[in-house]
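Working notes, beginning with the structure itself.
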2 protein chains.
Amino acid sequence: MAKTNLLAADGGFEQPCPIRDVLDRIGDQWSLLVLDALEGGTKRFNELMRELGDISKQMLSLTLKRLEEDGFVRRTVYPEVPPRVEYDLTPLGHSFLVPMRGLVAWADEHHRLVCEARTHYRTAAK
Amino acid sequence: MAKTNLLAADGGFEQPCPIRDVLDRIGDQWSLLVLDALEGGTKRFNELMRELGDISKQMLSLTLKRLEEDGFVRRTVYPEVPPRVEYDLTPLGHSFLVPMRGLVAWADEHHRLVCEARTHYRTAAK
DNA sequence: CTGTATCCCTCAAGATACTG
DNA sequence: CAGTATCTTGAGGGATACAG
């Protein structure tokens with residue numbers, strides 16, 4: 001029963017599953033886009049808004065908060081008027097992007113196959 | 001503006017974003033668990049039910065259908081009584097698990113850091 | 001400028017009952 | 001055995017107005 005239990009829904013009973021923990025951040029609509037945008041360097045709130053294009057203030061705020069909470073992003077407030085807040089990736093954030101790039105590359109390479117599979121599935125009509 | 005636009009919400013306007021396409025499958029609650037279970041070899045419906053433990057029939061059925069549609073999983077029906085249906089990974093499904101393992105490994109290695117970051121975030125109280 | 005508060009809506013997912 | 005149909009709930013996410 002040992003198996004490669006890396007994806008177990010639960011490490012037994014204790015902690016929330018490590019993979020789920022990370023996957024929840026990946027799965028949400030915006031975290032990856034934000035991480036990607038920040039890989040280019042330090043950014044301010046409105047800068048991210050513009051760069052992501054179609055994200056709402058609320059979601060950007062929430063996403064950044066979660067990423068900060070999980071240690072992927074660092075938030076720096078400058079006590080000026082008007083207020084200035086900068087976001088950048090922590091080392092943890094950067095290191096996360098490494099395996100992530102692998103996945104992105106896979107998606108890029110195989111997207112066509114997935115699309116074909118879907119088409120075939122549908123024309124087979126079941 | 002060229003950038004590494006790998007994570008663009010949309011390839012411009014055309015197809016659904018390749019990454020999003022894959023991520024949606026990763027993001028859902030069960031796809032990864034099912035893929036993982038099938039890596040061990042061909043399985044039947046109830047076998048998967050037992051192995052995953054806490055998945056409902058409905059979600060297993062839906063998840064398998066989506067994975068089949070995307071070409072990750074193959075479904076084979078044997079015209080017997082009682083009915084027998086077997087599921088296994090396609091080459092595409094197998095190849096997908098390669099980058100996925102990278103991500104899982106990262107999660108495993110860094111989960112402690114994420115937890116610490118959360119604790120620190122909370123004790124900092126804001 | 002940098003957010004938070006509020007309202008609403010959609011859709012993933014659980015429970016249960018029924019079917020071939 | 002291997003599913004589908006139906007109902008319900010709850011979290012995620014959009015829009016907008018307000019606040020420091």
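Each chain of the structure tokens is named A, B, ... in the order shown, its residues numbered from 1; ligands are numbered from 1 in display order.
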
Mobile chain A fitted to chain B over all in-order Cα pairs, reported as a short mmCIF file (atom, residue, chain, number, x, y, z; two decimals) with C-alpha atoms, in the first residue's frame:
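After the write, out.cif holds the following:
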data_model
loop_
_atom_site.label_atom_id
_atom_site.label_comp_id
_atom_site.auth_asym_id
_atom_site.auth_seq_id
_atom_site.Cartn_x
_atom_site.Cartn_y
_atom_site.Cartn_z
CA MET A 1 5.79 43.57 -25.50
CA ALA A 2 6.74 40.17 -26.81
CA LYS A 3 7.99 38.96 -23.42
CA THR A 4 7.66 35.33 -22.47
CA ASN A 5 4.00 35.42 -23.04
CA LEU A 6 3.50 31.79 -22.17
CA LEU A 7 0.92 32.54 -19.56
CA ALA A 8 -1.12 35.05 -21.49
CA ALA A 9 -4.74 34.86 -20.55
CA ASP A 10 -5.44 34.43 -24.19
CA GLY A 11 -3.19 33.70 -27.15
CA GLY A 12 -4.45 36.96 -28.51
CA PHE A 13 -8.06 36.17 -29.17
CA GLU A 14 -8.11 32.83 -30.91
CA GLN A 15 -7.90 29.57 -29.00
CA PRO A 16 -8.44 29.11 -25.33
CA CYS A 17 -5.01 29.61 -23.76
CA PRO A 18 -3.05 26.32 -23.86
CA ILE A 19 -1.85 26.70 -20.33
CA ARG A 20 -5.27 27.49 -18.96
CA ASP A 21 -6.60 24.52 -20.84
CA VAL A 22 -4.19 22.22 -19.06
CA LEU A 23 -4.34 24.04 -15.77
CA ASP A 24 -8.07 23.70 -15.56
CA ARG A 25 -7.62 19.96 -15.60
CA ILE A 26 -4.89 20.19 -12.98
CA GLY A 27 -6.79 22.60 -10.86
CA ASP A 28 -9.87 20.52 -10.42
CA GLN A 29 -10.21 18.38 -7.39
CA TRP A 30 -9.78 14.93 -8.86
CA SER A 31 -8.04 14.73 -12.23
CA LEU A 32 -4.56 14.43 -10.79
CA LEU A 33 -5.56 11.79 -8.30
CA VAL A 34 -7.16 9.75 -11.05
CA LEU A 35 -4.17 10.13 -13.34
CA ASP A 36 -1.91 9.07 -10.50
CA ALA A 37 -4.04 6.04 -9.75
CA LEU A 38 -3.99 5.01 -13.40
CA GLU A 39 -0.24 5.27 -13.62
CA GLY A 40 -0.22 2.01 -11.69
CA GLY A 41 -1.90 0.33 -14.63
CA THR A 42 -5.34 -0.42 -16.03
CA LYS A 43 -8.17 0.00 -13.55
CA ARG A 44 -11.91 -0.53 -13.47
CA PHE A 45 -14.46 1.97 -12.26
CA ASN A 46 -15.08 0.54 -8.83
CA GLU A 47 -11.43 -0.17 -8.40
CA LEU A 48 -10.77 3.55 -8.82
CA MET A 49 -13.59 4.35 -6.44
CA ARG A 50 -12.02 2.22 -3.76
CA GLU A 51 -8.53 3.49 -4.42
CA LEU A 52 -9.48 7.15 -4.28
CA GLY A 53 -11.54 6.54 -1.23
CA ASP A 54 -13.58 9.67 -0.93
CA ILE A 55 -14.67 10.46 -4.45
CA SER A 56 -18.31 10.20 -5.41
CA LYS A 57 -19.51 8.16 -8.37
CA GLN A 58 -20.59 11.29 -10.06
CA MET A 59 -17.28 13.06 -9.79
CA LEU A 60 -15.30 10.02 -10.81
CA SER A 61 -17.52 9.59 -13.83
CA LEU A 62 -17.24 13.22 -14.80
CA THR A 63 -13.51 13.37 -14.22
CA LEU A 64 -12.89 10.26 -16.29
CA LYS A 65 -15.04 11.64 -19.07
CA ARG A 66 -13.08 14.86 -19.20
CA LEU A 67 -9.76 13.04 -19.11
CA GLU A 68 -10.93 10.79 -21.89
CA GLU A 69 -12.15 13.73 -23.90
CA ASP A 70 -8.78 15.45 -23.57
CA GLY A 71 -6.95 12.31 -24.64
CA PHE A 72 -5.26 11.52 -21.33
CA VAL A 73 -7.22 8.38 -20.61
CA ARG A 74 -8.54 5.54 -22.73
CA ARG A 75 -11.86 3.91 -21.94
CA THR A 76 -12.50 0.34 -23.02
CA VAL A 77 -15.89 -1.29 -22.75
CA TYR A 78 -16.24 -5.06 -22.77
CA PRO A 79 -19.69 -6.15 -23.90
CA GLU A 80 -20.26 -8.59 -21.12
CA VAL A 81 -22.83 -9.11 -18.45
CA PRO A 82 -22.27 -7.72 -15.95
CA PRO A 83 -20.61 -4.84 -17.80
CA ARG A 84 -16.88 -4.34 -17.49
CA VAL A 85 -15.15 -1.07 -18.31
CA GLU A 86 -11.44 -0.49 -18.06
CA TYR A 87 -9.48 2.73 -17.95
CA ASP A 88 -5.82 3.27 -18.69
CA LEU A 89 -3.45 6.10 -19.56
CA THR A 90 -2.71 7.00 -23.16
CA PRO A 91 0.84 7.96 -24.15
CA LEU A 92 -0.28 11.57 -23.82
CA GLY A 93 -1.44 10.86 -20.30
CA HIS A 94 1.86 9.28 -19.41
CA SER A 95 3.88 12.08 -20.91
CA PHE A 96 1.89 14.59 -18.93
CA LEU A 97 2.89 12.97 -15.69
CA VAL A 98 6.54 13.74 -16.35
CA PRO A 99 6.42 17.52 -15.83
CA MET A 100 3.76 16.91 -13.25
CA ARG A 101 6.18 14.90 -11.15
CA GLY A 102 8.50 17.87 -11.18
CA LEU A 103 5.82 19.99 -9.65
CA VAL A 104 4.90 17.36 -7.10
CA ALA A 105 8.53 17.06 -6.10
CA TRP A 106 8.77 20.80 -5.66
CA ALA A 107 5.67 20.83 -3.50
CA ASP A 108 7.09 18.07 -1.38
CA GLU A 109 10.40 19.80 -0.90
CA HIS A 110 9.03 23.24 -0.19
CA HIS A 111 5.84 22.57 1.68
CA ARG A 112 7.52 23.20 4.98
CA LEU A 113 8.68 26.62 3.83
CA VAL A 114 5.18 27.50 2.73
CA CYS A 115 3.80 26.47 6.09
CA GLU A 116 6.41 28.52 7.88
CA ALA A 117 5.63 31.50 5.71
CA ARG A 118 1.98 31.21 6.65
CA THR A 119 2.71 30.96 10.32
CA HIS A 120 5.02 33.93 10.16
CA TYR A 121 2.45 35.88 8.19
CA ARG A 122 -0.21 35.24 10.80
CA THR A 123 1.93 35.92 13.85
CA ALA A 124 3.01 39.17 12.24
CA ALA A 125 -0.69 39.86 12.70
CA LYS A 126 -0.51 42.64 10.14
#

Self-check item: Expected answer as a PyMOL selection string: alpha helix (DSSP H) residues in segment 15-117 of chain B
Solution: chain B and resi 18-27+31-39+45-52+57-69+91-117

Each residue of chain D lying at most 9 Å from chain B should get a row with its shortest atom-to-atom pair and the distance in Å to one decimal, counting only C-alpha atoms (C1' of nucleotides); could you produce that, ordered by chain and increasing number, as JSON lines?
{"residue": "D:DC1", "atom": "C1'", "partner": "B:Pro83", "partner_atom": "CA", "distance": 5.8}
{"residue": "D:DA2", "atom": "C1'", "partner": "B:Phe45", "partner_atom": "CA", "distance": 6.9}
{"residue": "D:DG3", "atom": "C1'", "partner": "B:Ser61", "partner_atom": "CA", "distance": 7.3}
{"residue": "D:DT4", "atom": "C1'", "partner": "B:Gln58", "partner_atom": "CA", "distance": 8.4}

Quiz item: Please, which residues of chain C lie no more than 12 Å from chain A when the count uses only C-alpha atoms (C1' of nucleotides), and can they be set out as number ranges by chain?
Solution: C: 1-6
